[in-house]
$ cat data-v6.cif   # mmCIF, C-alpha atoms
data_work
loop_
_atom_site.group_PDB
_atom_site.id
_atom_site.type_symbol
_atom_site.label_atom_id
_atom_site.label_comp_id
_atom_site.auth_asym_id
_atom_site.auth_seq_id
_atom_site.Cartn_x
_atom_site.Cartn_y
_atom_site.Cartn_z
ATOM 1 C CA MET A 1 71.959 22.248 5.113
ATOM 2 C CA ARG A 2 72.763 22.625 8.786
ATOM 3 C CA SER A 3 72.137 19.929 11.338
ATOM 4 C CA PRO A 4 68.894 20.278 13.290
ATOM 5 C CA PRO A 5 69.009 22.082 16.649
ATOM 6 C CA PRO A 6 69.077 20.105 19.909
ATOM 7 C CA SER A 7 66.020 17.919 20.227
ATOM 8 C CA PRO A 8 63.109 19.356 22.249
ATOM 9 C CA PRO A 9 61.380 17.348 24.971
ATOM 10 C CA PRO A 10 59.941 14.125 23.501
ATOM 11 C CA ILE A 11 56.849 14.679 21.398
ATOM 12 C CA ASN A 12 56.238 11.029 20.575
ATOM 13 C CA SER A 13 56.488 11.416 16.836
ATOM 14 C CA PRO A 14 53.433 10.208 14.969
ATOM 15 C CA THR A 15 53.180 6.796 13.444
ATOM 16 C CA ILE A 16 53.398 7.724 9.772
ATOM 17 C CA MET A 17 52.038 5.627 6.944
ATOM 18 C CA SER A 18 53.765 5.436 3.583
ATOM 19 C CA THR A 19 50.348 5.322 1.927
ATOM 20 C CA PRO A 20 47.101 7.157 2.759
ATOM 21 C CA PRO A 21 45.278 5.925 5.901
ATOM 22 C CA GLN A 22 43.252 2.772 5.369
ATOM 23 C CA HIS A 23 43.188 1.202 8.841
ATOM 24 C CA HIS A 24 40.131 1.274 11.022
ATOM 25 C CA HIS A 25 42.028 2.856 13.894
ATOM 26 C CA ILE A 26 45.487 4.347 13.930
ATOM 27 C CA ASP A 27 46.999 5.506 17.202
ATOM 28 C CA ILE A 28 49.202 8.400 16.129
ATOM 29 C CA ASN A 29 50.403 9.725 19.479
ATOM 30 C CA PRO A 30 49.116 11.067 22.818
ATOM 31 C CA PHE A 31 48.470 14.484 21.316
ATOM 32 C CA THR A 32 46.850 13.944 17.924
ATOM 33 C CA THR A 33 44.944 10.880 16.801
ATOM 34 C CA PHE A 34 43.072 9.867 13.686
ATOM 35 C CA GLN A 35 39.980 7.756 13.929
ATOM 36 C CA PRO A 36 38.081 6.998 10.731
ATOM 37 C CA VAL A 37 34.324 7.066 11.054
ATOM 38 C CA ILE A 38 31.762 5.749 8.622
ATOM 39 C CA LEU A 39 29.667 8.233 6.726
ATOM 40 C CA GLN A 40 26.477 7.574 8.653
ATOM 41 C CA ASP A 41 28.215 8.845 11.812
ATOM 42 C CA VAL A 42 28.732 12.244 10.221
ATOM 43 C CA PRO A 43 26.031 14.863 10.939
ATOM 44 C CA SER A 44 23.224 14.831 8.405
ATOM 45 C CA GLU A 45 23.775 18.439 7.358
ATOM 46 C CA ILE A 46 27.350 17.590 6.329
ATOM 47 C CA GLN A 47 26.108 14.595 4.330
ATOM 48 C CA GLU A 48 23.648 16.857 2.536
ATOM 49 C CA ASP A 49 26.339 19.407 1.735
ATOM 50 C CA SER A 50 28.446 16.559 0.356
ATOM 51 C CA ALA A 51 26.053 15.949 -2.507
ATOM 52 C CA GLU A 52 26.179 19.600 -3.468
ATOM 53 C CA SER A 53 29.910 20.257 -3.072
ATOM 54 C CA GLN A 54 31.153 17.159 -4.901
ATOM 55 C CA GLN A 55 29.275 14.359 -6.608
ATOM 56 C CA VAL A 56 30.679 11.222 -5.003
ATOM 57 C CA GLN A 57 29.264 7.933 -3.843
ATOM 58 C CA PRO A 58 29.215 7.253 -0.067
ATOM 59 C CA GLN A 59 31.531 4.265 -0.451
ATOM 60 C CA GLU A 60 34.138 6.545 -2.059
ATOM 61 C CA GLN A 61 34.350 8.760 1.009
ATOM 62 C CA GLN A 62 36.566 8.298 4.038
ATOM 63 C CA GLN A 63 36.225 10.442 7.137
ATOM 64 C CA GLU A 64 39.102 11.110 9.514
ATOM 65 C CA ILE A 65 38.659 12.719 12.910
ATOM 66 C CA TYR A 66 41.613 14.592 14.381
ATOM 67 C CA ASN A 67 41.551 14.930 18.139
ATOM 68 C CA LEU A 68 43.307 18.216 18.956
ATOM 69 C CA LYS A 69 44.129 17.958 22.633
ATOM 70 C CA SER A 70 45.532 21.475 22.917
ATOM 71 C CA ILE A 71 42.121 23.009 22.249
ATOM 72 C CA ASN A 72 39.981 20.088 23.432
ATOM 73 C CA SER A 73 38.292 19.891 20.052
ATOM 74 C CA THR A 74 38.133 17.726 16.977
ATOM 75 C CA ILE A 75 38.174 18.418 13.274
ATOM 76 C CA VAL A 76 36.749 16.082 10.666
ATOM 77 C CA ILE A 77 38.305 15.680 7.230
ATOM 78 C CA ARG A 78 36.754 14.008 4.211
ATOM 79 C CA GLN A 79 38.974 12.067 1.850
ATOM 80 C CA LEU A 80 37.984 11.024 -1.669
ATOM 81 C CA PRO A 81 40.692 8.486 -2.579
ATOM 82 C CA SER A 82 39.196 7.647 -5.950
ATOM 83 C CA GLN A 83 39.548 11.279 -7.026
ATOM 84 C CA GLY A 84 43.348 11.328 -6.888
ATOM 85 C CA LEU A 85 46.356 12.192 -4.744
ATOM 86 C CA SER A 86 45.132 15.651 -3.754
ATOM 87 C CA PHE A 87 42.053 14.185 -2.101
ATOM 88 C CA GLN A 88 43.929 11.953 0.338
ATOM 89 C CA LEU A 89 45.767 12.427 3.624
ATOM 90 C CA TRP A 90 49.526 11.953 3.608
ATOM 91 C CA PRO A 91 52.153 11.354 6.322
ATOM 92 C CA ALA A 92 53.739 14.808 6.335
ATOM 93 C CA ALA A 93 50.406 16.463 7.094
ATOM 94 C CA THR A 94 50.140 14.302 10.196
ATOM 95 C CA THR A 95 53.511 15.559 11.382
ATOM 96 C CA LEU A 96 52.633 19.230 10.971
ATOM 97 C CA VAL A 97 49.294 18.843 12.737
ATOM 98 C CA THR A 98 51.000 17.001 15.589
ATOM 99 C CA LEU A 99 53.680 19.669 15.985
ATOM 100 C CA LEU A 100 51.082 22.440 15.913
ATOM 101 C CA ASP A 101 49.037 20.675 18.566
ATOM 102 C CA CYS A 102 52.077 20.135 20.795
ATOM 103 C CA HIS A 103 53.223 23.736 20.323
ATOM 104 C CA ASN A 104 49.895 25.028 21.539
ATOM 105 C CA ARG A 105 50.217 22.932 24.717
ATOM 106 C CA CYS A 106 53.128 25.160 25.772
ATOM 107 C CA ILE A 107 55.595 22.419 24.904
ATOM 108 C CA THR A 108 58.779 23.664 23.274
ATOM 109 C CA THR A 109 58.777 22.321 19.713
ATOM 110 C CA PRO A 110 60.651 23.206 16.517
ATOM 111 C CA LEU A 111 57.721 25.482 15.665
ATOM 112 C CA SER A 112 58.000 27.569 18.835
ATOM 113 C CA ALA A 113 60.526 30.023 17.396
ATOM 114 C CA VAL A 114 58.317 30.518 14.341
ATOM 115 C CA PHE A 115 54.977 31.060 16.019
ATOM 116 C CA ASN A 116 56.203 32.855 19.132
ATOM 117 C CA GLY A 117 57.108 35.756 16.896
ATOM 118 C CA GLY A 118 57.220 39.471 17.467
ATOM 119 C CA ASP A 119 54.598 41.501 19.273
ATOM 120 C CA ALA A 120 53.110 42.672 15.988
ATOM 121 C CA ILE A 121 52.290 39.095 14.945
ATOM 122 C CA GLN A 122 50.843 38.211 18.336
ATOM 123 C CA HIS A 123 48.806 41.382 18.442
ATOM 124 C CA ARG A 124 47.092 40.984 15.065
ATOM 125 C CA GLY A 125 47.035 37.192 14.862
ATOM 126 C CA ILE A 126 49.101 34.953 12.615
ATOM 127 C CA ARG A 127 48.421 34.963 8.889
ATOM 128 C CA ILE A 128 49.279 31.699 7.151
ATOM 129 C CA LEU A 129 49.363 30.615 3.521
ATOM 130 C CA GLU A 130 49.292 26.894 2.798
ATOM 131 C CA LEU A 131 50.524 25.621 -0.565
ATOM 132 C CA GLY A 132 49.134 22.463 -2.155
ATOM 133 C CA SER A 133 46.591 22.094 0.642
ATOM 134 C CA GLY A 134 44.788 19.029 -0.745
ATOM 135 C CA THR A 135 42.132 18.149 1.827
ATOM 136 C CA GLY A 136 42.965 21.321 3.780
ATOM 137 C CA VAL A 137 43.731 19.472 7.011
ATOM 138 C CA VAL A 138 46.919 21.376 7.912
ATOM 139 C CA GLY A 139 45.421 24.785 7.253
ATOM 140 C CA ILE A 140 42.199 23.976 9.096
ATOM 141 C CA ALA A 141 44.124 22.584 12.063
ATOM 142 C CA ALA A 142 46.456 25.597 12.135
ATOM 143 C CA ALA A 143 43.520 28.013 12.083
ATOM 144 C CA ALA A 144 41.764 26.196 14.921
ATOM 145 C CA ILE A 145 44.835 25.602 17.084
ATOM 146 C CA LEU A 146 46.456 29.015 16.661
ATOM 147 C CA GLY A 147 43.360 31.134 16.123
ATOM 148 C CA ALA A 148 45.041 32.083 12.855
ATOM 149 C CA SER A 149 43.803 33.477 9.575
ATOM 150 C CA VAL A 150 44.713 30.854 6.984
ATOM 151 C CA THR A 151 44.473 30.797 3.204
ATOM 152 C CA VAL A 152 44.438 27.232 1.867
ATOM 153 C CA THR A 153 45.247 26.833 -1.818
ATOM 154 C CA ASP A 154 45.344 24.273 -4.587
ATOM 155 C CA LEU A 155 44.223 23.745 -8.179
ATOM 156 C CA PRO A 156 40.584 24.523 -9.071
ATOM 157 C CA HIS A 157 39.379 20.905 -9.219
ATOM 158 C CA VAL A 158 40.579 20.303 -5.641
ATOM 159 C CA LEU A 159 38.783 23.278 -4.092
ATOM 160 C CA PRO A 160 35.235 21.853 -3.721
ATOM 161 C CA ASN A 161 36.356 19.094 -1.350
ATOM 162 C CA MET A 162 38.609 21.508 0.494
ATOM 163 C CA GLN A 163 35.701 23.922 0.925
ATOM 164 C CA PHE A 164 33.565 21.021 2.124
ATOM 165 C CA ASN A 165 36.099 20.327 4.866
ATOM 166 C CA VAL A 166 36.320 23.983 5.851
ATOM 167 C CA ASP A 167 32.526 24.174 6.105
ATOM 168 C CA ALA A 168 32.379 20.914 8.074
ATOM 169 C CA ASN A 169 34.637 22.476 10.713
ATOM 170 C CA ALA A 170 33.103 25.947 10.745
ATOM 171 C CA GLU A 171 31.872 25.694 14.339
ATOM 172 C CA THR A 172 35.259 24.588 15.650
ATOM 173 C CA LEU A 173 36.997 27.373 13.767
ATOM 174 C CA LYS A 174 34.554 29.958 15.067
ATOM 175 C CA LEU A 175 34.895 28.671 18.629
ATOM 176 C CA HIS A 176 38.666 29.144 18.593
ATOM 177 C CA GLY A 177 38.859 32.364 16.592
ATOM 178 C CA GLY A 178 40.282 30.818 13.438
ATOM 179 C CA ALA A 179 39.360 31.627 9.859
ATOM 180 C CA VAL A 180 40.064 29.722 6.648
ATOM 181 C CA GLU A 181 39.762 31.042 3.105
ATOM 182 C CA VAL A 182 39.916 28.735 0.081
ATOM 183 C CA ALA A 183 41.690 30.034 -3.009
ATOM 184 C CA THR A 184 43.094 28.861 -6.331
ATOM 185 C CA LEU A 185 46.863 28.898 -6.670
ATOM 186 C CA SER A 186 48.632 27.283 -9.593
ATOM 187 C CA TRP A 187 52.310 27.513 -8.718
ATOM 188 C CA GLY A 188 54.245 29.926 -10.893
ATOM 189 C CA ASP A 189 51.076 31.526 -12.275
ATOM 190 C CA THR A 190 51.666 35.265 -11.958
ATOM 191 C CA GLN A 191 47.975 36.145 -11.939
ATOM 192 C CA ASN A 192 47.229 33.625 -9.198
ATOM 193 C CA MET A 193 50.200 34.746 -7.143
ATOM 194 C CA GLU A 194 49.326 38.422 -7.414
ATOM 195 C CA ALA A 195 45.765 37.638 -6.338
ATOM 196 C CA ILE A 196 47.020 35.771 -3.266
ATOM 197 C CA GLY A 197 49.553 38.462 -2.353
ATOM 198 C CA ARG A 198 52.368 38.420 0.188
ATOM 199 C CA GLU A 199 50.657 39.543 3.384
ATOM 200 C CA PHE A 200 51.517 36.448 5.365
ATOM 201 C CA ASP A 201 53.707 35.614 8.329
ATOM 202 C CA VAL A 202 54.201 31.909 7.643
ATOM 203 C CA ILE A 203 53.931 29.686 4.569
ATOM 204 C CA MET A 204 53.262 25.985 5.066
ATOM 205 C CA GLY A 205 53.232 22.900 2.892
ATOM 206 C CA SER A 206 53.272 19.131 3.350
ATOM 207 C CA ASP A 207 54.265 16.408 0.887
ATOM 208 C CA ILE A 208 54.350 18.873 -1.996
ATOM 209 C CA VAL A 209 57.710 17.900 -3.536
ATOM 210 C CA TYR A 210 57.041 14.835 -5.663
ATOM 211 C CA HIS A 211 56.488 15.738 -9.343
ATOM 212 C CA ASP A 212 59.790 17.017 -10.697
ATOM 213 C CA HIS A 213 58.088 19.135 -13.352
ATOM 214 C CA LEU A 214 56.605 21.184 -10.504
ATOM 215 C CA TYR A 215 59.930 21.989 -8.816
ATOM 216 C CA GLU A 216 60.478 25.204 -10.781
ATOM 217 C CA PRO A 217 56.875 26.486 -10.446
ATOM 218 C CA LEU A 218 56.992 25.811 -6.687
ATOM 219 C CA LEU A 219 60.298 27.667 -6.371
ATOM 220 C CA GLU A 220 58.927 30.582 -8.387
ATOM 221 C CA THR A 221 55.984 30.775 -5.993
ATOM 222 C CA LEU A 222 58.283 30.701 -2.964
ATOM 223 C CA LYS A 223 60.498 33.400 -4.451
ATOM 224 C CA PHE A 224 57.460 35.559 -5.145
ATOM 225 C CA VAL A 225 56.316 35.404 -1.528
ATOM 226 C CA LEU A 226 59.555 35.127 0.451
ATOM 227 C CA LEU A 227 62.032 37.164 -1.592
ATOM 228 C CA LYS A 228 59.846 40.087 -2.592
ATOM 229 C CA SER A 229 58.256 40.762 0.767
ATOM 230 C CA GLU A 230 59.445 43.635 2.945
ATOM 231 C CA LYS A 231 59.401 41.412 6.025
ATOM 232 C CA LYS A 232 60.859 38.036 6.898
ATOM 233 C CA ILE A 233 58.488 35.214 6.019
ATOM 234 C CA VAL A 234 59.181 31.612 7.006
ATOM 235 C CA PHE A 235 58.262 28.623 4.875
ATOM 236 C CA LEU A 236 57.695 25.393 6.820
ATOM 237 C CA MET A 237 57.637 22.260 4.713
ATOM 238 C CA ALA A 238 57.031 18.742 5.997
ATOM 239 C CA HIS A 239 58.411 16.188 3.591
ATOM 240 C CA LEU A 240 58.817 12.428 3.390
ATOM 241 C CA LYS A 241 61.641 11.552 1.018
ATOM 242 C CA ARG A 242 60.661 8.988 -1.591
ATOM 243 C CA TRP A 243 62.984 9.466 -4.585
ATOM 244 C CA LYS A 244 66.577 10.536 -5.180
ATOM 245 C CA LYS A 245 65.411 13.087 -7.747
ATOM 246 C CA GLU A 246 63.993 15.225 -4.950
ATOM 247 C CA SER A 247 67.541 16.353 -4.105
ATOM 248 C CA ALA A 248 67.396 18.536 -7.237
ATOM 249 C CA PHE A 249 64.645 20.618 -5.659
ATOM 250 C CA PHE A 250 66.622 21.248 -2.490
ATOM 251 C CA LYS A 251 69.797 22.050 -4.457
ATOM 252 C CA LYS A 252 67.927 24.706 -6.426
ATOM 253 C CA ALA A 253 66.168 26.023 -3.325
ATOM 254 C CA LYS A 254 69.466 26.598 -1.525
ATOM 255 C CA LYS A 255 70.487 29.102 -4.184
ATOM 256 C CA HIS A 256 67.810 31.455 -2.886
ATOM 257 C CA PHE A 257 66.994 30.334 0.650
ATOM 258 C CA ASP A 258 68.665 29.209 3.830
ATOM 259 C CA VAL A 259 67.241 25.708 4.297
ATOM 260 C CA GLU A 260 67.369 23.968 7.658
ATOM 261 C CA ILE A 261 65.955 20.717 9.000
ATOM 262 C CA ILE A 262 64.170 21.609 12.241
ATOM 263 C CA HIS A 263 62.430 18.314 13.012
ATOM 264 C CA LYS A 264 62.764 14.616 12.167
ATOM 265 C CA ASP A 265 60.242 11.864 12.769
ATOM 266 C CA GLU A 266 61.465 8.367 13.445
ATOM 267 C CA PRO A 267 60.968 5.994 10.502
ATOM 268 C CA SER A 268 57.802 3.936 10.743
ATOM 269 C CA ASN A 269 55.875 1.224 8.932
ATOM 270 C CA GLY A 270 59.008 -0.160 7.327
ATOM 271 C CA SER A 271 60.183 3.170 5.918
ATOM 272 C CA ARG A 272 63.906 3.885 5.888
ATOM 273 C CA VAL A 273 63.371 7.547 6.747
ATOM 274 C CA GLY A 274 60.788 9.544 8.647
ATOM 275 C CA VAL A 275 59.077 12.807 7.821
ATOM 276 C CA MET A 276 61.349 15.834 8.053
ATOM 277 C CA VAL A 277 60.267 19.422 8.610
ATOM 278 C CA TYR A 278 62.310 22.043 6.774
ATOM 279 C CA GLN A 279 62.485 25.764 7.408
ATOM 280 C CA PHE A 280 63.152 28.052 4.435
ATOM 281 C CA VAL A 281 64.042 31.738 4.866
ATOM 282 C CA ARG A 282 65.498 34.090 2.310
ATOM 283 C CA LYS A 283 69.230 34.502 2.259
ATOM 284 C CA PHE A 284 70.553 37.763 3.628
ATOM 285 C CA ARG A 285 72.187 38.474 0.258
ATOM 286 C CA ALA A 286 68.836 38.017 -1.469
ATOM 287 C CA LYS A 287 67.327 40.534 0.929
ATOM 288 C CA LEU A 288 69.970 43.126 0.060
ATOM 289 C CA ASN A 289 69.538 42.502 -3.669
ATOM 290 C CA SER A 290 65.793 42.919 -3.328
ATOM 291 C CA LYS A 291 66.214 46.301 -1.637
ATOM 292 C CA SER A 292 68.716 47.397 -4.268
ATOM 293 C CA THR A 293 66.243 46.548 -6.993
ATOM 294 C CA VAL A 294 63.580 48.643 -5.304
ATOM 295 C CA LEU A 295 65.987 51.576 -4.991
#
$ encode --input "data-v6.cif" --output "structure tokens"
Amino acid sequence: MRSPPPSPPPINSPTIMSTPPQHHHIDINPFTTFQPVILQDVPSEIQEDSAESQQVQPQEQQQEIYNLKSINSTIVIRQLPSQGLSFQLWPAATTLVTLLDCHNRCITTPLSAVFNGGDAIQHRGIRILELGSGTGVVGIAAAAILGASVTVTDLPHVLPNMQFNVDANAETLKLHGGAVEVATLSWGDTQNMEAIGREFDVIMGSDIVYHDHLYEPLLETLKFVLLKSEKKIVFLMAHLKRWKKESAFFKKAKKHFDVEIIHKDEPSNGSRVGVMVYQFVRKFRAKLNSKSTVL
């Protein structure tokens, strides 16, 4: 893994929590902030949709508002902590949202080279696939900030809350020309992967490397999208290291992809390390082998 490129102008890395947000107010940085609000502050139509999209008690719900300075808008995200890990917000998602917001303010960030792509991408709009989307916050933010077409994915039981969050931000997405589609994707499932396809410019994921039994399915999914596409697709993954076993994932990934750290957050809240953002692209050799197979 190569060392990260020279640091861009200060972004004021977000204050990252090692556990899901539980404070009443958390000042993340000058660009992106979270501010929990109680359920009664949420518009009544969203509360009504809540009962239909997922049967949960009001006290089980947590609302987070993201202030996106680059587009002078906010998005609201519902968490359901009692439902499991996929229904909560995690530190790496904060980092990606912050970097996206800074990028759109014409500040040079590690994402600039990715999203300031060729004329073809800029002409048609960026198409993004998010893996393990959970609450959908990264995909929703990316769609709103970049005016992108985003497909957010996860396991079937996670989709109702994700769809709830997409619907809750429909007006913001429409205002900024973004679109979000919710889809099932079980990593390594050929049928799911074929249904999703490869017509994307960027793949994104945050805090998705934790269960070691999912390393191989995740890699199979990445190989399906990145190695078998006719064009170069970049995978951006924000990750907060928690266990030594995670090194096995990166060791396996480097057999197929060039992996580079493009951003590091400063450690916070007593953590020894901060969130890192990795860029995965297929190796040149893999590209040649793919063409040879087609021939």
$ resolve_selection --input "data-v6.cif" --expression "the PyMOL selection byres ((chain A and resi 178) around 10)" --output "number ranges by chain"
A: 125-126, 140-150, 170-177, 179-180
$ resolve_selection --input "data-v6.cif" --expression "the PyMOL selection byres ((chain A and resi 111) around 9)" --output "PyMOL selection string"
chain A and resi 99-100+103+108-110+112-116+236+262-263
$ closest_residue --input "data-v6.cif" --among "A:Ala92, A:Leu218, A:Met204, A:Ile233" --to "Val275 of chain A" --atoms "all atoms listed in the file"
A:Ala92
$ closest_atom_pairs --input "data-v6.cif" --of "segment 198-232 of chain A" --to "segment 181-189 of chain A" --cutoff "9 Å" --atoms "only C-alpha atoms" --output "tab-separated table"
residue	atom	partner	partner_atom	distance
A:Leu214	CA	A:Trp187	CA	7.9
A:Glu216	CA	A:Gly188	CA	7.8
A:Pro217	CA	A:Gly188	CA	4.4
A:Leu218	CA	A:Trp187	CA	5.4
A:Leu219	CA	A:Gly188	CA	7.9
A:Glu220	CA	A:Gly188	CA	5.4
A:Thr221	CA	A:Gly188	CA	5.3
A:Leu222	CA	A:Trp187	CA	8.9
A:Phe224	CA	A:Gly188	CA	8.7
$ residues_around --input "data-v6.cif" --residues "segment 75-88 of chain A" --least-positions-apart "5" --cutoff "9 Å" --atoms "all atoms listed in the file" --output "PyMOL selection string"
chain A and resi 20-21+42+56+60-68+132-137+140-141+144+154+158+161-162+164-166+168-169+172
$ closest_residue --input "data-v6.cif" --among "A:Asp258, A:Trp90, A:Arg272, A:Asp101" --to "Leu227 of chain A" --atoms "all atoms listed in the file"
A:Asp258
$ closest_residue --input "data-v6.cif" --among "A:Ser206, A:Ser247, A:Asn269, A:Gln163" --to "Leu89 of chain A" --atoms "all atoms listed in the file"
A:Ser206
$ atom_distance --input "data-v6.cif" --atom1 "atom CA of Met193 of chain A" --atom2 "atom CA of Arg127 of chain A"
16.1 Å
$ closest_residue --input "data-v6.cif" --among "A:Thr153, A:Phe280, A:Ala238, A:Glu230" --to "Ile196 of chain A" --atoms "all atoms listed in the file"
A:Thr153
$ closest_residue --input "data-v6.cif" --among "A:Pro267, A:His239, A:Lys223, A:Tyr210" --to "Ala253 of chain A" --atoms "only C-alpha atoms"
A:Lys223
$ residues_around --input "data-v6.cif" --residues "Ile203 of chain A" --least-positions-apart "2" --cutoff "9 Å" --atoms "all atoms listed in the file" --output "PyMOL selection string"
chain A and resi 127-131+200-201+205+222+225-226+233-237
$ decode --input "data-v6.cif" --residues "segment 161-224 of chain A" --atoms "C-alpha atoms" --output "PDB file, in the first residue's frame"
ATOM      1  CA  ASN A 161     -35.622   1.862   6.846  1.00  0.00           C
ATOM      2  CA  MET A 162     -33.317   2.824   4.005  1.00  0.00           C
ATOM      3  CA  GLN A 163     -36.322   3.532   1.782  1.00  0.00           C
ATOM      4  CA  PHE A 164     -37.847   5.554   4.611  1.00  0.00           C
ATOM      5  CA  ASN A 165     -34.752   7.755   4.667  1.00  0.00           C
ATOM      6  CA  VAL A 166     -34.733   8.152   0.895  1.00  0.00           C
ATOM      7  CA  ASP A 167     -38.396   9.188   0.956  1.00  0.00           C
ATOM      8  CA  ALA A 168     -37.791  11.576   3.864  1.00  0.00           C
ATOM      9  CA  ASN A 169     -35.230  13.423   1.736  1.00  0.00           C
ATOM     10  CA  ALA A 170     -37.091  13.303  -1.569  1.00  0.00           C
ATOM     11  CA  GLU A 171     -37.537  17.076  -1.795  1.00  0.00           C
ATOM     12  CA  THR A 172     -33.857  17.767  -1.173  1.00  0.00           C
ATOM     13  CA  LEU A 173     -32.845  15.187  -3.749  1.00  0.00           C
ATOM     14  CA  LYS A 174     -35.240  16.611  -6.312  1.00  0.00           C
ATOM     15  CA  LEU A 175     -34.051  20.158  -5.636  1.00  0.00           C
ATOM     16  CA  HIS A 176     -30.439  19.246  -6.384  1.00  0.00           C
ATOM     17  CA  GLY A 177     -31.002  16.823  -9.252  1.00  0.00           C
ATOM     18  CA  GLY A 178     -30.085  13.682  -7.338  1.00  0.00           C
ATOM     19  CA  ALA A 179     -31.791  10.310  -7.497  1.00  0.00           C
ATOM     20  CA  VAL A 180     -31.547   7.318  -5.167  1.00  0.00           C
ATOM     21  CA  GLU A 181     -32.698   3.775  -5.882  1.00  0.00           C
ATOM     22  CA  VAL A 182     -32.908   1.139  -3.143  1.00  0.00           C
ATOM     23  CA  ALA A 183     -31.944  -2.410  -4.068  1.00  0.00           C
ATOM     24  CA  THR A 184     -31.120  -5.761  -2.494  1.00  0.00           C
ATOM     25  CA  LEU A 185     -27.522  -6.905  -2.764  1.00  0.00           C
ATOM     26  CA  SER A 186     -26.216  -9.888  -0.846  1.00  0.00           C
ATOM     27  CA  TRP A 187     -22.483  -9.867  -1.492  1.00  0.00           C
ATOM     28  CA  GLY A 188     -21.299 -12.720  -3.670  1.00  0.00           C
ATOM     29  CA  ASP A 189     -24.834 -13.595  -4.785  1.00  0.00           C
ATOM     30  CA  THR A 190     -24.599 -13.936  -8.560  1.00  0.00           C
ATOM     31  CA  GLN A 191     -28.284 -13.244  -9.148  1.00  0.00           C
ATOM     32  CA  ASN A 192     -28.186 -10.084  -7.045  1.00  0.00           C
ATOM     33  CA  MET A 193     -25.000  -8.894  -8.701  1.00  0.00           C
ATOM     34  CA  GLU A 194     -26.302  -9.477 -12.210  1.00  0.00           C
ATOM     35  CA  ALA A 195     -29.468  -7.562 -11.337  1.00  0.00           C
ATOM     36  CA  ILE A 196     -27.426  -4.603 -10.082  1.00  0.00           C
ATOM     37  CA  GLY A 197     -25.066  -4.640 -13.068  1.00  0.00           C
ATOM     38  CA  ARG A 198     -21.809  -2.785 -13.644  1.00  0.00           C
ATOM     39  CA  GLU A 199     -22.952   0.517 -15.126  1.00  0.00           C
ATOM     40  CA  PHE A 200     -21.381   2.676 -12.459  1.00  0.00           C
ATOM     41  CA  ASP A 201     -18.562   5.185 -12.275  1.00  0.00           C
ATOM     42  CA  VAL A 202     -17.820   4.930  -8.556  1.00  0.00           C
ATOM     43  CA  ILE A 203     -18.462   2.326  -5.860  1.00  0.00           C
ATOM     44  CA  MET A 204     -18.614   3.465  -2.244  1.00  0.00           C
ATOM     45  CA  GLY A 205     -18.749   1.798   1.139  1.00  0.00           C
ATOM     46  CA  SER A 206     -18.211   2.755   4.774  1.00  0.00           C
ATOM     47  CA  ASP A 207     -17.446   0.538   7.769  1.00  0.00           C
ATOM     48  CA  ILE A 208     -18.211  -2.608   5.793  1.00  0.00           C
ATOM     49  CA  VAL A 209     -15.145  -4.686   6.738  1.00  0.00           C
ATOM     50  CA  TYR A 210     -15.894  -6.172  10.144  1.00  0.00           C
ATOM     51  CA  HIS A 211     -17.272  -9.735   9.879  1.00  0.00           C
ATOM     52  CA  ASP A 212     -14.467 -11.933   8.583  1.00  0.00           C
ATOM     53  CA  HIS A 213     -16.888 -14.427   7.049  1.00  0.00           C
ATOM     54  CA  LEU A 214     -17.979 -11.639   4.693  1.00  0.00           C
ATOM     55  CA  TYR A 215     -14.489 -10.835   3.380  1.00  0.00           C
ATOM     56  CA  GLU A 216     -14.698 -13.300   0.485  1.00  0.00           C
ATOM     57  CA  PRO A 217     -18.277 -12.377  -0.556  1.00  0.00           C
ATOM     58  CA  LEU A 218     -17.332  -8.675  -0.496  1.00  0.00           C
ATOM     59  CA  LEU A 219     -14.250  -9.340  -2.625  1.00  0.00           C
ATOM     60  CA  GLU A 220     -16.306 -11.398  -5.070  1.00  0.00           C
ATOM     61  CA  THR A 221     -18.709  -8.476  -5.415  1.00  0.00           C
ATOM     62  CA  LEU A 222     -15.853  -6.034  -5.998  1.00  0.00           C
ATOM     63  CA  LYS A 223     -14.287  -8.324  -8.588  1.00  0.00           C
ATOM     64  CA  PHE A 224     -17.618  -8.640 -10.371  1.00  0.00           C
TER      65      PHE A 224
END
